[in-house]
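Pasted below: start-v2.txt, compact mmCIF, C-alpha atoms.
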```
# COMPACT_ATOMS: atom_id res chain seq x y z
CA MET J 5 0.00 0.00 0.00
CA VAL J 6 2.83 2.39 0.88
CA LEU J 7 4.53 1.65 -2.46
CA LEU J 8 1.28 2.34 -4.30
CA ALA J 9 0.84 5.60 -2.42
CA LEU J 10 4.39 6.60 -3.45
CA VAL J 11 3.65 5.86 -7.11
CA ARG J 12 0.46 7.91 -6.96
CA LEU J 13 2.13 10.88 -5.26
CA GLY J 14 5.14 11.03 -7.58
CA ASP J 15 7.62 13.76 -6.65
CA GLU J 16 5.60 15.02 -3.69
CA ALA J 17 5.86 11.86 -1.61
CA TYR J 18 6.90 12.56 1.97
CA GLY J 19 5.43 11.52 5.33
CA VAL J 20 2.35 13.78 5.49
CA PRO J 21 0.93 13.21 1.97
CA ILE J 22 1.71 9.49 2.20
CA SER J 23 -0.28 9.11 5.43
CA LYS J 24 -3.12 11.23 3.96
CA GLU J 25 -3.14 9.08 0.83
CA LEU J 26 -3.39 5.93 2.94
CA LEU J 27 -6.28 7.47 4.89
CA ASN J 28 -8.17 8.66 1.81
CA LEU J 29 -7.74 5.60 -0.37
CA ALA J 30 -7.52 2.72 2.08
CA GLY J 31 -9.43 4.29 4.98
CA ARG J 32 -6.56 3.59 7.37
CA ASP J 33 -5.33 6.24 9.79
CA VAL J 34 -1.77 4.93 9.98
CA ALA J 35 0.59 6.51 12.52
CA LEU J 36 3.42 8.45 10.90
CA GLY J 37 5.96 6.41 12.86
CA SER J 38 4.61 3.23 11.26
CA VAL J 39 4.76 4.84 7.80
CA TYR J 40 8.45 5.70 8.33
CA ALA J 41 9.18 2.19 9.65
CA ALA J 42 7.63 0.69 6.50
CA LEU J 43 9.55 3.13 4.29
CA GLU J 44 12.81 2.26 6.03
CA ARG J 45 12.23 -1.45 5.36
CA LEU J 46 11.41 -0.69 1.71
CA GLU J 47 14.59 1.36 1.45
CA GLN J 48 16.62 -1.52 2.86
CA LYS J 49 15.17 -3.73 0.15
CA GLU J 50 16.10 -1.01 -2.37
CA PHE J 51 12.48 -0.60 -3.45
CA VAL J 52 12.57 3.13 -2.66
CA THR J 53 15.19 5.87 -2.40
CA SER J 54 15.01 9.03 -0.35
CA THR J 55 16.31 12.58 -0.51
CA LEU J 56 16.21 15.37 2.05
CA GLY J 57 14.41 18.59 1.09
CA GLU J 58 14.92 22.07 2.45
CA PRO J 59 14.00 22.87 6.08
CA THR J 60 10.88 25.05 6.35
CA ALA J 61 9.56 27.30 9.12
CA GLU J 62 6.11 25.68 9.31
CA ARG J 63 7.82 22.40 10.15
CA GLY J 64 9.88 23.91 12.98
CA GLY J 65 12.96 24.11 10.75
CA ARG J 66 12.87 20.40 9.92
CA ALA J 67 13.49 19.13 6.41
CA LYS J 68 11.11 16.85 4.54
CA ARG J 69 12.35 13.44 3.44
CA TYR J 70 11.07 12.71 -0.05
CA PHE J 71 10.69 9.12 -1.18
CA ARG J 72 10.68 7.74 -4.71
CA VAL J 73 10.00 4.25 -6.02
CA THR J 74 12.94 2.54 -7.76
CA PRO J 75 12.59 0.29 -10.84
CA ALA J 76 13.00 -2.69 -8.48
CA GLY J 77 10.10 -1.35 -6.40
CA LEU J 78 7.93 -1.00 -9.49
CA ARG J 79 8.75 -4.57 -10.50
CA ALA J 80 7.83 -5.80 -7.02
CA LEU J 81 4.57 -3.86 -7.22
CA LYS J 82 3.65 -5.42 -10.57
CA GLU J 83 4.52 -8.90 -9.32
CA THR J 84 2.34 -8.38 -6.25
CA ARG J 85 -0.57 -7.24 -8.42
CA LYS J 86 -0.16 -10.27 -10.67
CA ALA J 87 -0.05 -12.62 -7.67
CA LEU J 88 -3.12 -11.00 -6.12
CA THR J 89 -5.04 -11.17 -9.43
CA ASN J 90 -4.18 -14.87 -9.73
CA LEU J 91 -5.27 -15.50 -6.15
CA TRP J 92 -8.58 -13.65 -6.62
CA SER J 93 -9.32 -15.49 -9.86
CA GLY J 94 -9.34 -18.71 -7.85
CA VAL J 95 -12.14 -17.52 -5.55
CA PRO J 96 -15.33 -17.82 -7.64
CA LEU J 97 -17.58 -18.55 -4.65
CA LEU J 98 -16.93 -15.19 -3.06
CA GLU J 99 -17.87 -13.36 -6.26
CA GLY J 100 -21.00 -15.53 -6.60
CA LYS J 101 -22.14 -14.63 -3.10
CA ARG J 102 -21.69 -10.95 -3.75
CA THR J 103 -23.91 -11.06 -6.85
CA MET W 29 -1.00 30.01 17.94
CA ASN W 30 -1.00 26.65 19.64
CA VAL W 31 2.50 25.19 20.03
CA PRO W 32 3.32 21.49 19.77
CA PRO W 33 4.29 19.77 23.04
CA ARG W 34 7.97 20.32 23.75
CA GLY W 35 8.27 17.12 25.78
CA ALA W 36 7.12 15.01 22.85
CA ILE W 37 9.54 16.80 20.50
CA TRP W 38 12.38 16.23 22.98
CA LEU W 39 11.48 12.53 23.18
CA LEU W 40 11.39 12.24 19.39
CA ARG W 41 14.78 13.91 19.10
CA HIS W 42 16.60 12.04 21.86
CA VAL W 43 14.77 8.76 22.37
CA CYS W 44 13.16 7.83 19.06
CA PRO W 45 15.45 5.34 17.31
CA GLY W 46 16.00 5.43 13.57
CA ARG W 47 17.32 7.75 10.95
CA ASP W 48 14.14 9.68 10.20
CA SER W 49 13.27 11.17 13.59
CA GLU W 50 13.91 14.74 12.37
CA ALA W 51 11.75 14.35 9.26
CA LEU W 52 9.09 12.60 11.34
CA THR W 53 9.09 15.45 13.88
CA GLY W 54 8.70 17.92 11.02
CA ASP W 55 5.75 15.94 9.66
CA LEU W 56 4.09 15.88 13.06
CA ILE W 57 4.58 19.64 13.48
CA GLU W 58 3.08 20.16 10.00
CA ARG W 59 0.02 18.03 10.85
CA PHE W 60 -0.27 19.79 14.22
CA GLY W 61 -0.33 23.12 12.37
CA GLU W 62 -3.26 21.78 10.34
CA GLY W 63 -5.32 21.53 13.53
CA ARG W 64 -4.41 18.27 15.25
CA SER W 65 -4.53 18.20 19.06
CA ARG W 66 -1.67 17.97 21.57
CA ALA W 67 -2.97 14.54 22.63
CA TRP W 68 -2.71 13.41 19.01
CA PHE W 69 0.87 14.70 18.86
CA TRP W 70 1.81 12.81 22.05
CA ARG W 71 0.13 9.63 20.79
CA GLN W 72 1.98 9.84 17.48
CA ALA W 73 5.32 10.45 19.26
CA LEU W 74 4.84 7.49 21.60
CA VAL W 75 3.79 5.20 18.73
CA ALA W 76 6.87 6.31 16.74
CA ILE W 77 9.14 5.53 19.70
CA ALA W 78 7.48 2.14 20.27
CA VAL W 79 7.65 1.21 16.57
CA GLY W 80 11.27 2.42 16.37
CA ALA W 81 12.24 0.45 19.49
CA GLY W 82 10.50 -2.63 18.09
CA SER W 83 12.55 -2.49 14.92
CA GLU W 84 15.84 -1.84 16.75
CA PRO W 85 16.82 -5.55 17.05
CA ARG W 86 16.35 -5.93 13.28
CA ARG W 87 18.30 -2.74 12.63
CA ARG W 88 21.04 -3.36 15.21
CA TRP W 89 21.45 -7.12 14.95
CA PRO W 90 25.28 -7.00 14.88
CA GLU W 91 25.27 -5.37 18.34
CA LEU W 92 22.72 -7.91 19.59
CA CYS W 93 24.83 -10.84 18.32
CA TYR W 94 27.91 -9.28 19.94
CA ALA W 95 26.13 -8.94 23.30
CA ILE W 96 24.81 -12.53 23.18
CA ALA W 97 28.19 -13.97 22.22
CA GLY W 98 29.96 -11.79 24.80
CA THR W 99 27.60 -12.88 27.58
CA PHE W 100 28.14 -16.51 26.67
CA VAL W 101 31.93 -16.13 26.67
CA SER W 102 31.97 -14.01 29.86
CA VAL W 103 29.75 -16.26 31.92
CA PHE W 104 30.24 -19.76 30.62
CA GLN W 105 33.90 -19.63 29.69
CA VAL W 106 35.18 -18.15 32.93
CA ARG W 107 37.00 -21.34 33.89
CA ALA W 108 38.94 -21.37 30.64
CA LEU W 109 39.84 -17.70 31.16
CA LEU W 110 40.94 -18.42 34.71
CA GLY W 111 43.19 -21.08 33.25
CA VAL W 112 44.76 -18.50 30.94
CA ARG W 113 45.25 -16.16 33.88
CA THR W 114 46.95 -18.89 35.90
CA MET W 115 49.08 -19.88 32.94
CA VAL W 116 50.35 -16.33 32.56
CA GLY W 117 51.24 -16.26 36.28
CA TRP W 118 49.67 -13.04 37.49
CA TRP W 119 51.05 -13.41 41.02
CA MET W 120 54.63 -13.14 39.83
CA LEU W 121 54.11 -9.65 38.44
CA PRO W 122 54.57 -6.47 40.52
CA TRP W 123 51.54 -4.38 41.49
CA PRO W 124 49.59 -2.89 39.66
CA PHE W 125 50.37 -5.21 36.74
CA SER W 126 49.32 -8.23 38.76
CA MET W 127 45.94 -6.65 39.52
CA LEU W 128 45.51 -5.45 35.95
CA LEU W 129 46.19 -8.94 34.67
CA PHE W 130 44.01 -10.57 37.33
CA ASP W 131 40.94 -8.42 36.60
CA GLY W 132 41.79 -7.49 33.05
CA VAL W 133 41.87 -11.03 31.69
CA GLN W 134 38.39 -11.72 33.00
CA ILE W 135 37.01 -8.58 31.37
CA ALA W 136 39.15 -7.76 28.36
CA MET W 137 39.51 -11.26 26.96
CA PRO W 138 35.83 -12.04 26.34
CA VAL W 139 35.26 -8.57 24.91
CA THR W 140 38.24 -8.92 22.58
CA ALA W 141 37.29 -12.47 21.70
CA VAL W 142 33.79 -11.53 20.51
CA LEU W 143 34.72 -8.26 18.81
CA PRO W 144 35.11 -10.08 15.45
CA VAL W 145 31.41 -11.00 15.71
CA LEU W 146 30.53 -7.31 15.79
CA ALA W 147 33.07 -6.51 13.05
CA ALA W 148 31.58 -9.19 10.78
CA GLY W 149 28.05 -7.90 11.38
CA LEU W 150 29.07 -4.31 10.68
CA LEU W 151 30.86 -5.39 7.50
CA TRP W 152 27.75 -7.27 6.40
CA THR W 153 25.56 -4.21 6.96
CA ARG W 154 28.13 -1.95 5.28
CA ALA W 155 28.57 0.06 8.48
CA PHE W 156 32.08 -0.98 9.42
CA HIS W 157 34.34 1.61 11.01
CA TRP W 158 37.43 0.97 13.09
CA SER W 159 36.41 3.82 15.38
CA SER W 160 33.14 2.09 16.27
CA LEU W 161 35.04 -1.07 17.20
CA VAL W 162 37.46 0.89 19.40
CA ARG W 163 34.60 2.76 21.06
CA THR W 164 32.67 -0.46 21.64
CA TRP W 165 35.74 -2.23 23.07
CA THR W 166 36.50 0.64 25.46
CA LEU W 167 32.92 1.14 26.59
CA SER W 168 32.32 -2.58 27.04
CA ILE W 169 35.39 -2.90 29.26
CA VAL W 170 34.41 0.12 31.35
CA LEU W 171 30.82 -1.10 31.77
CA LEU W 172 31.80 -4.72 32.43
CA THR W 173 34.37 -3.61 35.01
CA ALA W 174 31.68 -1.61 36.81
CA CYS W 175 29.30 -4.54 36.47
CA PHE W 176 31.76 -7.11 37.90
CA TYR W 177 32.77 -4.88 40.81
CA MET W 178 29.11 -4.24 41.57
CA LEU W 179 28.33 -7.95 41.48
CA GLY W 180 31.33 -8.59 43.73
CA GLU W 181 30.31 -5.95 46.25
CA PHE W 182 26.59 -6.62 46.41
CA ALA W 183 25.92 -10.31 46.77
CA PRO W 184 22.11 -10.08 46.32
CA LEU W 185 22.68 -8.66 42.83
CA ARG W 186 24.37 -11.88 41.68
CA VAL W 187 21.06 -13.29 40.48
CA LEU W 188 21.09 -10.45 37.96
CA GLY W 189 24.58 -11.35 36.74
CA LEU W 190 23.56 -12.60 33.32
CA PRO W 191 21.25 -9.70 32.39
CA LEU W 192 23.77 -7.18 33.75
CA VAL W 193 26.62 -8.59 31.66
CA PHE W 194 24.36 -8.77 28.60
CA GLY W 195 23.10 -5.22 29.21
CA SER W 196 26.64 -3.86 29.64
CA LEU W 197 27.80 -5.38 26.36
CA LEU W 198 24.66 -4.28 24.51
CA VAL W 199 24.87 -0.71 25.77
CA GLY W 200 28.61 -0.64 24.98
CA ALA W 201 28.01 -1.76 21.40
CA TRP W 202 24.88 0.34 20.95
CA VAL W 203 26.61 3.54 22.03
CA GLY W 204 29.90 2.57 20.39
CA CYS W 205 28.29 2.11 16.97
CA ARG W 206 25.84 5.02 17.38
CA ARG W 207 27.35 7.26 14.70
CA GLU W 208 27.02 4.57 12.08
CA ILE W 209 23.26 4.26 12.52
CA THR W 210 22.44 6.59 9.65
CA ARG W 211 24.64 4.65 7.26
CA ARG W 212 23.03 1.37 8.12
CA GLY W 213 19.67 0.51 6.67
CA ALA W 214 20.15 2.96 3.86
CA PRO W 215 21.59 1.36 0.76
CA ARG W 216 24.44 3.05 -1.06
CA GLN W 217 22.08 4.27 -3.74
CA ALA W 218 19.88 5.98 -1.16
CA ALA W 219 22.82 7.42 0.74
CA ARG W 220 24.03 9.00 -2.48
CA GLY W 221 20.56 10.43 -3.08
CA THR W 222 20.48 11.85 0.44
CA ARG W 223 23.79 13.58 -0.01
CA ALA W 224 22.60 15.04 -3.29
CA GLY W 225 19.45 16.26 -1.59
CA GLN W 226 21.40 17.88 1.18
CA GLY W 227 23.76 19.57 -1.26
```
Please go through the file and, once you have read it, give me the structure as C-alpha cells.
Amino acid sequence: MVLLALVRLGDEAYGVPISKELLNLAGRDVALGSVYAALERLEQKEFVTSTLGEPTAERGGRAKRYFRVTPAGLRALKETRKALTNLWSGVPLLEGKRT
Amino acid sequence: MNVPPRGAIWLLRHVCPGRDSEALTGDLIERFGEGRSRAWFWRQALVAIAVGAGSEPRRRWPELCYAIAGTFVSVFQVRALLGVRTMVGWWMLPWPFSMLLFDGVQIAMPVTAVLPVLAAGLLWTRAFHWSSLVRTWTLSIVLLTACFYMLGEFAPLRVLGLPLVFGSLLVGAWVGCRREITRRGAPRQAARGTRAGQG
C-alpha cells in the first residue's frame, strides 16, 4: 500500500501526503511512525530511495524526506498485483455470493 | 497560535530510534499546524518511539549478536579464562600489573574475543568503522568492570549477573556504533541520493 501511495504521489511523496493518501484511499489512519518504519524497510530492500528537502519554518525548521519508487520497487509492485489477481481469480464462490 | 508539546519533541529527538526522527518530527509539526490536538501529537510520538524500538533488534542485529556472544563467553567460559590467567602467572608480576592482569583477563579477553562477531556484522551491513570497534571495546570494558565490581560488592545482585553482563555489552556496542546508525539501513544508492538532496 505504501509503495502504491508513493507511485500515486510522484515527486511530492513525503510523510504527510503518504499518510493522507493511505487514509483517503484505504481508509486507514496509519501513525506516521509506522509509515516511516515501512519506508525504512522498503529502502533496505532497495524498493525506494530518499532525498532530504529544504527545512521550512512551518515544520519547525525540519526538512522533509522525499521518497521515490525505484525500478526494483515498481517490478515488485507489478509482481504483487499479478499474484493477487491470480489468487482472486481462484475464488469464484466469493464473487457468486456478492452477486 | 498553539505550540506542539515540547516534551514530545524532545522525546522524538533524543529517544526515538531510527534515521528519520527529524523528518518525522517535522511531519508531526506540520500536521499539528493543520489543527491536530496535543494529545494526538503525544500519541503519534509514543507510537513512533514504540515502533522504532521494536525495529531496533532488526536494525542493530550485529550489536545484539555481539552482546549474546559476549555474555556466553563471559559467563560460561570463565574457567577457561581463569586457566589462561593462571598460565600467565599473574602473582609473579609487581603491582599494579598483577591486579591489571588478574581483573583485566576476565574482562578484556571475552570482549576482545567476541569483537570479530561485531566486526563481521558491521561489515555485512556496510557500516564498518574501526572507530566504532574501538569505542565499543573501550565502553564494554568500562561497563563490564563496573558490572563485575558491583556484582562482587553486592551479593544479592548476583542473580542479575547474566542480564547485567548482557546489558553492559549491549549498551557498549549500541553507544559505540551510534554514529554509524544513519549509514546502516540505507543502501548506497539511497545514501548517495540523500547527499545530493542535502547539497
Within 7 Å of chain W, which residues of chain J come that close, and what is the closest atom pair and distance in Å for each? Count all atoms listed in the file and give it as CSV.
```
residue,atom,partner,partner_atom,distance
J:Gly19,CA,W:Asp55,CA,6.2
J:Val20,CA,W:Asp55,CA,5.8
J:Ala35,CA,W:Gln72,CA,6.1
J:Leu36,CA,W:Gln72,CA,6.9
J:Gly37,CA,W:Ala76,CA,4.0
J:Ser38,CA,W:Val79,CA,6.4
J:Glu47,CA,W:Ala214,CA,6.3
J:Gln48,CA,W:Gly213,CA,5.3
J:Glu50,CA,W:Pro215,CA,6.7
J:Thr53,CA,W:Ala218,CA,4.9
J:Ser54,CA,W:Ala218,CA,5.8
J:Thr55,CA,W:Thr222,CA,4.3
J:Leu56,CA,W:Gly225,CA,5.0
J:Gly57,CA,W:Gly225,CA,6.2
J:Glu62,CA,W:Glu58,CA,6.3
J:Arg63,CA,W:Gly54,CA,4.6
J:Gly64,CA,W:Gly54,CA,6.4
J:Arg66,CA,W:Gly54,CA,5.0
J:Ala67,CA,W:Ala51,CA,5.8
J:Lys68,CA,W:Ala51,CA,5.4
J:Arg69,CA,W:Ala51,CA,5.9
```
* Using all atoms listed in the file, which residues sit within 6 Å of region 127-143 of chain W once same-chain residues fewer than 5 positions away are excluded, as a ChimeraX atom specification? -> /W:98,101-102
* To do: Quote the spacing between CA of Asn28 (chain J) and CA of Pro45 (chain W) in Å to one decimal place.
  =>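 Rounded to one decimal, the two atoms are 28.4 Å apart.
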* Structure fact -> Students should find that CA of Val73 (chain J) and CA of Gly14 (chain J) are spaced 8.5 Å
Would you compute an axis-aligned box for region 57-61 of chain W, covering every atom listed for it in the file with 6 Å of margin on each side, and report centre and edge lengths in Å to one decimal as JSON?
```
{"center_x": 2.1, "center_y": 20.6, "center_z": 12.1, "size_x": 16.9, "size_y": 17.1, "size_z": 16.2}
```
* 9 Å contact set for Val39 (chain J), all atoms listed in the file, chain neighbours under 5 positions out, as a VMD selection string -> chain J and resid 6 19 22 to 23 34 44
